[in-house]
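Asker: Enclosed is the structure file final07.txt (compact mmCIF, C-alpha atoms).
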```txt
# COMPACT_ATOMS: atom_id res chain seq x y z
CA MET A 1 -10.95 -3.72 11.80
CA SER A 2 -11.40 -5.37 8.42
CA THR A 3 -9.35 -8.54 8.48
CA ALA A 4 -8.22 -11.10 5.94
CA ASN A 5 -10.64 -12.88 3.69
CA SER A 6 -10.23 -16.29 2.13
CA SER A 7 -7.87 -16.69 -0.80
CA GLY A 8 -10.80 -17.69 -3.00
CA SER A 9 -12.63 -14.40 -2.67
CA LYS A 10 -13.02 -12.34 -5.82
CA GLU A 11 -13.83 -9.13 -3.97
CA VAL A 12 -12.24 -5.99 -5.34
CA VAL A 13 -10.17 -4.55 -2.50
CA THR A 14 -9.24 -0.88 -2.76
CA ALA A 15 -7.14 1.53 -0.75
CA ALA A 16 -6.11 5.14 -0.40
CA LEU A 17 -2.94 6.53 1.13
CA LEU A 18 -3.06 9.74 3.15
CA VAL A 19 0.38 11.26 3.61
CA ILE A 20 0.40 13.69 6.54
CA GLY A 21 3.12 16.25 7.03
CA SER A 22 3.68 19.93 6.41
CA LYS A 23 7.38 19.18 5.86
CA ILE A 24 6.41 17.00 2.89
CA LEU A 25 4.43 19.84 1.35
CA SER A 26 7.23 22.36 1.91
CA GLY A 27 9.81 20.10 0.33
CA ARG A 28 11.96 19.92 3.47
CA THR A 29 11.27 16.19 3.69
CA LYS A 30 11.16 14.01 0.61
CA ASP A 31 8.49 11.31 0.75
CA GLN A 32 9.86 7.77 0.56
CA ASN A 33 6.70 5.90 1.48
CA ILE A 34 4.27 6.25 -1.43
CA GLY A 35 6.15 4.00 -3.82
CA TYR A 36 6.81 1.39 -1.16
CA VAL A 37 3.17 1.22 -0.07
CA ALA A 38 1.99 1.09 -3.69
CA GLU A 39 4.30 -1.82 -4.52
CA CYS A 40 3.32 -3.75 -1.43
CA LEU A 41 -0.42 -3.31 -1.91
CA THR A 42 -0.23 -4.25 -5.59
CA ALA A 43 1.75 -7.37 -4.69
CA VAL A 44 -1.00 -8.62 -2.37
CA GLY A 45 -3.89 -7.73 -4.69
CA ILE A 46 -5.03 -4.43 -3.17
CA ASP A 47 -5.72 -1.67 -5.69
CA LEU A 48 -4.30 1.66 -4.52
CA LYS A 49 -6.73 4.17 -6.02
CA GLU A 50 -5.73 7.49 -4.53
CA VAL A 51 -2.92 9.29 -2.71
CA ARG A 52 -3.44 12.58 -0.89
CA VAL A 53 -0.91 14.77 0.90
CA VAL A 54 -2.07 17.15 3.63
CA GLY A 55 -0.27 19.27 6.19
CA ASN A 56 -0.44 19.02 9.96
CA GLU A 57 -3.81 20.76 10.10
CA GLU A 58 -6.75 19.24 11.95
CA LYS A 59 -9.51 20.13 9.52
CA ALA A 60 -7.55 18.99 6.47
CA ILE A 61 -6.72 15.64 8.07
CA VAL A 62 -10.22 14.98 9.43
CA ASP A 63 -11.90 15.96 6.16
CA ALA A 64 -9.56 13.75 4.13
CA LEU A 65 -10.03 10.79 6.45
CA ASN A 66 -13.81 11.02 6.34
CA ALA A 67 -13.84 11.33 2.56
CA LEU A 68 -11.44 8.45 1.95
CA ARG A 69 -12.62 5.93 4.54
CA HIS A 70 -16.14 5.92 3.12
CA ARG A 71 -14.85 5.44 -0.43
CA TYR A 72 -12.25 2.69 -0.13
CA THR A 73 -11.78 -0.65 1.61
CA TYR A 74 -8.73 0.66 3.49
CA VAL A 75 -7.12 4.01 4.23
CA PHE A 76 -3.44 3.95 5.13
CA THR A 77 -1.91 7.03 6.73
CA THR A 78 1.74 7.92 7.19
CA GLY A 79 3.15 10.63 9.42
CA GLY A 80 2.06 12.71 12.37
CA ILE A 81 2.19 10.15 15.20
CA GLY A 82 5.49 11.23 16.72
CA PRO A 83 6.24 12.92 20.08
CA THR A 84 6.11 16.58 19.03
CA HIS A 85 3.34 19.18 19.31
CA SER A 86 2.77 19.09 15.55
CA ASP A 87 2.07 15.34 15.56
CA ILE A 88 -1.72 15.46 15.66
CA THR A 89 -2.73 12.50 13.49
CA ALA A 90 -3.98 10.33 16.38
CA ASP A 91 -6.19 13.15 17.67
CA CYS A 92 -7.56 13.77 14.18
CA VAL A 93 -8.37 10.09 13.65
CA ALA A 94 -10.21 10.03 16.99
CA LYS A 95 -12.18 13.11 15.95
CA ALA A 96 -13.03 11.62 12.55
CA PHE A 97 -14.43 8.48 14.24
CA GLY A 98 -16.06 10.41 17.09
CA VAL A 99 -14.25 8.48 19.83
CA PRO A 100 -12.16 9.62 22.81
CA ILE A 101 -8.39 9.35 22.88
CA ASP A 102 -6.21 8.70 25.92
CA THR A 103 -3.15 6.82 27.10
CA ASP A 104 -3.52 3.19 26.09
CA PRO A 105 -2.28 0.68 28.72
CA ARG A 106 -1.04 -1.68 26.01
CA ALA A 107 0.97 1.04 24.27
CA LEU A 108 2.27 2.27 27.63
CA ALA A 109 3.50 -1.21 28.55
CA ILE A 110 5.28 -1.53 25.19
CA LEU A 111 6.95 1.84 25.61
CA HIS A 112 8.01 1.09 29.21
CA GLU A 113 9.68 -2.09 27.99
CA TRP A 114 11.41 -0.21 25.16
CA VAL A 115 12.67 2.48 27.56
CA LYS A 116 13.93 -0.19 29.94
CA THR A 117 15.77 -1.97 27.13
CA THR A 118 17.29 1.12 25.53
CA GLY A 119 17.97 3.20 28.60
CA ALA A 120 16.02 6.15 27.20
CA GLU A 121 14.11 8.55 29.41
CA MET A 122 10.34 8.23 29.82
CA ASN A 123 9.32 11.85 29.45
CA LYS A 124 6.18 13.77 28.56
CA ALA A 125 7.05 13.81 24.86
CA ARG A 126 7.40 10.03 24.68
CA LEU A 127 4.18 9.56 26.62
CA ARG A 128 2.39 11.23 23.71
CA LEU A 129 3.25 8.12 21.70
CA THR A 130 0.92 6.04 23.88
CA ARG A 131 -2.23 8.06 23.12
CA ILE A 132 -4.51 5.80 21.08
CA PRO A 133 -8.16 6.33 20.01
CA LYS A 134 -10.60 4.16 21.94
CA GLY A 135 -11.39 0.87 20.19
CA ALA A 136 -8.26 0.80 18.05
CA ASP A 137 -5.97 -2.21 17.65
CA LEU A 138 -2.23 -1.68 17.95
CA ILE A 139 0.25 -2.10 15.10
CA LEU A 140 3.59 -3.38 16.34
CA ASN A 141 6.76 -1.40 15.70
CA LYS A 142 9.93 -3.48 15.91
CA VAL A 143 12.15 -0.52 15.08
CA SER A 144 11.44 2.08 17.77
CA GLY A 145 8.79 0.57 20.01
CA ALA A 146 5.96 3.09 19.78
CA PRO A 147 3.02 1.41 18.01
CA GLY A 148 0.76 2.56 15.24
CA PHE A 149 -2.92 1.66 15.32
CA TRP A 150 -5.82 0.35 13.26
CA ILE A 151 -9.37 1.58 13.78
CA GLY A 152 -12.25 0.71 11.47
CA ASN A 153 -10.70 0.62 8.02
CA VAL A 154 -8.03 3.21 8.81
CA ILE A 155 -4.46 2.03 9.35
CA VAL A 156 -2.25 4.64 10.99
CA MET A 157 1.52 4.35 10.58
CA ALA A 158 4.64 6.40 11.21
CA GLY A 159 6.21 8.63 8.59
CA VAL A 160 9.80 7.50 9.12
CA PRO A 161 10.31 5.00 6.27
CA SER A 162 11.99 2.22 8.28
CA ILE A 163 9.30 2.38 10.96
CA MET A 164 6.47 2.60 8.42
CA GLN A 165 7.81 -0.47 6.62
CA ALA A 166 7.95 -2.45 9.87
CA MET A 167 4.36 -1.46 10.66
CA LEU A 168 3.13 -2.35 7.18
CA ASP A 169 4.85 -5.70 7.49
CA ASP A 170 2.94 -6.33 10.71
CA VAL A 171 -0.37 -5.35 9.10
CA ALA A 172 -0.04 -7.09 5.72
CA PRO A 173 -0.96 -10.65 6.77
CA LYS A 174 -4.18 -9.36 8.36
CA LEU A 175 -5.48 -7.50 5.32
CA LYS A 176 -8.25 -8.66 3.04
CA ILE A 177 -6.80 -9.28 -0.39
CA GLY A 178 -8.21 -9.06 -3.86
CA ILE A 179 -6.93 -10.52 -7.12
CA PRO A 180 -3.18 -9.96 -7.53
CA MET A 181 -2.03 -8.08 -10.61
CA LEU A 182 0.26 -9.91 -13.01
CA SER A 183 2.31 -8.06 -15.59
CA GLU A 184 4.38 -8.83 -18.65
CA THR A 185 6.67 -6.30 -20.30
CA VAL A 186 7.58 -6.20 -23.99
CA ARG A 187 10.51 -4.05 -25.07
CA ALA A 188 9.34 -2.01 -28.02
CA ASP A 189 12.37 0.10 -28.99
CA ALA A 190 9.89 2.72 -30.12
CA ARG A 191 8.73 6.14 -29.00
CA GLU A 192 5.34 6.58 -27.37
CA GLY A 193 4.08 8.61 -30.30
CA ASP A 194 4.86 5.76 -32.70
CA ILE A 195 2.58 3.20 -31.07
CA GLY A 196 0.19 5.22 -28.92
CA MET A 197 -2.81 4.82 -31.23
CA GLN A 198 -2.30 1.07 -31.65
CA LEU A 199 -2.08 0.54 -27.91
CA GLY A 200 -5.22 2.58 -27.46
CA GLU A 201 -7.06 0.23 -29.81
CA ILE A 202 -5.76 -2.80 -27.92
CA ALA A 203 -6.83 -1.32 -24.59
CA LYS A 204 -10.32 -0.61 -25.90
CA ALA A 205 -10.68 -4.18 -27.18
CA ASN A 206 -9.41 -5.71 -23.92
CA PRO A 207 -10.97 -3.81 -20.99
CA GLY A 208 -9.73 -6.42 -18.48
CA VAL A 209 -6.10 -5.65 -19.21
CA ALA A 210 -4.46 -2.38 -18.26
CA ARG A 211 -1.47 -1.10 -20.20
CA GLU A 212 1.21 1.23 -18.98
CA LEU A 213 3.23 2.76 -21.79
CA SER A 214 6.62 4.35 -21.35
CA VAL A 215 9.36 5.13 -23.82
CA LEU A 216 10.89 1.92 -25.26
CA ARG A 217 8.57 -0.50 -23.51
CA SER A 218 4.97 -1.42 -22.88
CA THR A 219 3.60 -3.36 -19.93
CA ALA A 220 0.40 -5.40 -19.90
CA ARG A 221 -1.14 -5.97 -16.49
CA ALA A 222 -3.96 -8.41 -15.84
CA GLN A 223 -5.58 -9.69 -12.67
CA HIS A 224 -5.01 -13.28 -11.64
CA GLU A 225 -6.54 -15.13 -8.76
CA CYS A 226 -3.90 -17.16 -7.01
CA GLY A 227 -4.16 -19.55 -4.11
CA ALA A 228 -0.61 -18.98 -2.89
CA ALA A 229 -0.07 -18.14 0.76
CA ARG A 230 0.04 -14.42 1.40
CA PRO A 231 3.54 -13.26 2.36
CA ARG A 232 4.42 -10.31 4.48
CA CYS A 233 4.77 -7.05 2.63
CA THR A 234 8.56 -7.14 2.42
CA GLU A 235 8.44 -10.68 1.00
CA ALA A 236 5.72 -9.80 -1.50
CA ARG A 237 7.61 -6.73 -2.65
CA ALA A 238 10.88 -8.66 -3.04
CA CYS A 239 9.11 -11.35 -5.05
CA LYS A 240 7.53 -8.74 -7.30
CA MET A 241 10.91 -7.08 -7.89
CA ARG A 242 12.37 -10.44 -8.94
CA GLY A 243 9.57 -10.68 -11.48
CA GLY A 244 8.07 -13.82 -10.05
CA GLY A 245 4.79 -12.64 -8.57
CA HIS A 246 3.03 -15.23 -6.41
CA VAL A 247 2.65 -17.76 -9.18
CA GLY A 248 3.59 -21.42 -9.28
CA ALA A 249 4.55 -23.24 -12.44
CA SER A 250 1.29 -25.18 -12.35
CA THR A 251 -0.67 -21.97 -12.95
CA ALA A 252 1.38 -20.72 -15.90
CA SER A 253 -1.09 -21.82 -18.58
CA THR A 254 -3.95 -20.09 -16.75
CA ILE A 255 -1.96 -16.88 -16.51
CA LYS A 256 -1.17 -16.97 -20.20
CA GLU A 257 -4.86 -17.26 -20.94
CA ARG A 258 -5.52 -14.16 -18.86
CA LEU A 259 -2.72 -12.28 -20.57
CA ARG A 260 -3.79 -13.26 -24.09
CA TRP A 261 -3.75 -10.15 -26.30
CA ARG A 262 -2.07 -9.04 -29.51
CA HIS A 263 0.76 -6.53 -29.20
CA ARG A 264 1.29 -4.40 -32.33
CA LEU A 265 4.53 -2.46 -32.58
CA VAL A 266 6.08 -0.63 -35.50
CA GLY A 267 4.17 -2.57 -38.13
CA LYS A 268 4.78 -5.95 -36.44
CA ARG A 269 2.46 -8.20 -34.50
CA ARG A 270 3.78 -9.98 -31.47
CA SER A 271 1.86 -12.02 -28.93
CA LEU A 272 2.63 -12.09 -25.27
CA LEU A 273 2.13 -15.84 -25.54
CA ASP A 274 5.42 -16.00 -27.45
CA LEU A 275 7.28 -14.53 -24.50
CA PRO A 276 8.69 -16.62 -21.64
CA LEU A 277 6.59 -16.28 -18.51
CA ARG A 278 8.65 -16.18 -15.34
CA THR A 279 7.30 -18.43 -12.61
```
Written as structure tokens, that's how I'd like the structure from this file.
Answerer:
Amino acid sequence: MSTANSSGSKEVVTAALLVIGSKILSGRTKDQNIGYVAECLTAVGIDLKEVRVVGNEEKAIVDALNALRHRYTYVFTTGGIGPTHSDITADCVAKAFGVPIDTDPRALAILHEWVKTTGAEMNKARLRLTRIPKGADLILNKVSGAPGFWIGNVIVMAGVPSIMQAMLDDVAPKLKIGIPMLSETVRADAREGDIGMQLGEIAKANPGVARELSVLRSTARAQHECGAARPRCTEARACKMRGGGHVGASTASTIKERLRWRHRLVGKRRSLLDLPLRT
């Protein structure tokens, strides 16, 4: 279990997301987790590098896990930890790590309490939810009781969006974080073809700043090391959506230095330094 580092660390922290579910691949279920996970990880300074989608097939899951966990700081998985016969993610994670899997007393106690509170029946299907690979830590689930788990650098969460979000919220404060990404958007009122070459030149001259170009606007994104306390994922995501990031007014001048670059649009030059920076 790779836990949080100090806020002063400049380590590059990377992640992959493995979406597990044949229903996703068939189109019967529409994924609602990728965007949420991406926003949350970006907000806390973790660089999501890759997303894979695999069906409920043992070899595909095990092979993907082994490839991704050796390549990135973290691997997050969604899906396949429910009570049905097709929910095989926990078994596949155990196989990938070469450890046994069995009923976990901690998970069983949590489920017993949930059953007692809700009046649900403790049956064989629900008991499947307590099977956890040996050596894993539990991830709390405030929505439906049954926990996810964290083993090595692999974080295993449910596929149901509300449950996945609760699990990610429980995990977020324990993650190592890198340098959060700050962004500033300039409305261009131009088509991509009009300014594509100019933006390419700017990107080449400023390798530390990434640019995402869409019709009518361009966004500059630069890394900024911030000493602010790390919020839970829902708080970080809400702050990002408000446009504030995790930045205090005292750091505004530093951020502007990191975002210093010339923005050329339709024959005009405009600096990001001329734009108001939300704090």
Asker: CA of Ala146 in chain A and CA of Ala120 in chain A, how far apart in Å?
Answerer: 12.9 Å
Asker: Between CA of Met164 in chain A and CA of Thr103 in chain A, what is the distance, to one decimal in Å?
Answerer: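 Pair CA of Met164 in chain A / CA of Thr103 in chain A returns 21.4 Å.
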Asker: For CA of Leu48 in chain A and CA of Tyr74 in chain A, quote the distance in Å rounded to one decimal.
Answerer: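 Computing it gives 9.2 Å between the two atoms.
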Asker: Counting all atoms listed in the file, which residues sit no farther than 7 Å from the position (-7.3, 6.4, 14.8) in the file's frame? I'd like them as a ChimeraX atom specification.
Answerer: /A:90,93-94,132-133,136,149-151,154,156
Asker: If you count all atoms listed in the file, which residues fall within 12 Å of Ala96 in chain A, apart from same-chain ones fewer than 2 positions away, as a list of chain:residue names?
Answerer: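 Those residues are A:Glu58, A:Lys59, A:Ala60, A:Ile61, A:Val62, A:Asp63, A:Ala64, A:Leu65, A:Asn66, A:Ala67, A:Leu68, A:Arg69, A:His70, A:Thr89, A:Ala90, A:Asp91, A:Cys92, A:Val93, A:Ala94, A:Gly98, A:Val99, A:Pro100, A:Ile101, A:Pro133, A:Ile151, A:Gly152, A:Val154.
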Asker: Which residue is closest to Arg126 in chain A? Choose from A:Ile163, A:Leu175, A:Val75, A:Leu108 and count only C-alpha atoms.
Answerer: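 Looking only at the distances to Arg126 in chain A, the closest residue turns out to be A:Leu108.
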Asker: List the neighbours of Gly178 in chain A out to 6 Å using all atoms listed in the file; skip same-chain residues closer than 5 positions along the sequence, and give me the result as a compact mmCIF listing (two decimals) with C-alpha atoms, in the coordinates of the input.
Answerer:
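And here's selection_18.txt as it stands now:
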```
# COMPACT_ATOMS: atom_id res chain seq x y z
CA GLU A 11 -13.83 -9.13 -3.97
CA VAL A 12 -12.24 -5.99 -5.34
CA VAL A 13 -10.17 -4.55 -2.50
CA GLY A 45 -3.89 -7.73 -4.69
CA ILE A 46 -5.03 -4.43 -3.17
```
Asker: From the options A:Ala203, A:Ile20, A:Leu127, A:Val44, which residue's atoms come nearest to Asp102 in chain A, counting only C-alpha atoms?
Answerer: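 Using only C-alpha atoms, Asp102 in chain A sits closest to A:Leu127.
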Asker: Find the residue from A:Pro173, A:Pro147, A:Gly27, A:Gly119 that sits nearest to Arg131 in chain A; use all atoms listed in the file when measuring.
Answerer: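 The shortest atom-to-atom distance to Arg131 in chain A comes from A:Pro147.
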Asker: Pick out the closest residue to His85 in chain A from this set: A:Lys49, A:Lys124, A:Val54, A:Pro105. Count only C-alpha atoms.
Answerer: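 So, comparing all the options, the nearest one is A:Lys124.
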Asker: Just give me the residues with any atom within 6 Å of (2.4, 11.6, 10.1), file coordinates, counting only C-alpha atoms, written as a PyMOL selection string.
Answerer: chain A and resi 20-21+78-81+158-159
Asker: Where's the centre, and what are the edge lengths in Å to one decimal, of a box along x, y and z enclosing all listed atoms of range 84-100 of chain A padded 5 Å per side, as AutoDock Vina command-line options?
Answerer:
```
--center_x -5.0 --center_y 13.8 --center_z 17.7 --size_x 32.2 --size_y 20.7 --size_z 20.3
```
Asker: Point out the residue among A:Ile34, A:Val160, A:Ala15, A:Ile139 with the least atom-to-atom distance to Lys176 in chain A, counting all atoms listed in the file.
Answerer: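 Of A:Ile34, A:Val160, A:Ala15, A:Ile139, the one nearest Lys176 in chain A, counting all atoms listed in the file, is A:Ala15.
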Asker: Measuring between only C-alpha atoms, which one of A:Ala190, A:Leu25, A:Ile177, A:Leu41 shows the shortest distance to Val53 in chain A?
Answerer: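 The shortest atom-to-atom distance to Val53 in chain A comes from A:Leu25.
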Asker: Skip Thr77 in chain A itself and residues of its chain fewer than 6 positions away, then list as a ChimeraX atom specification all residues within 6 Å of it, counting only C-alpha atoms.
Answerer: /A:17-19,156-157
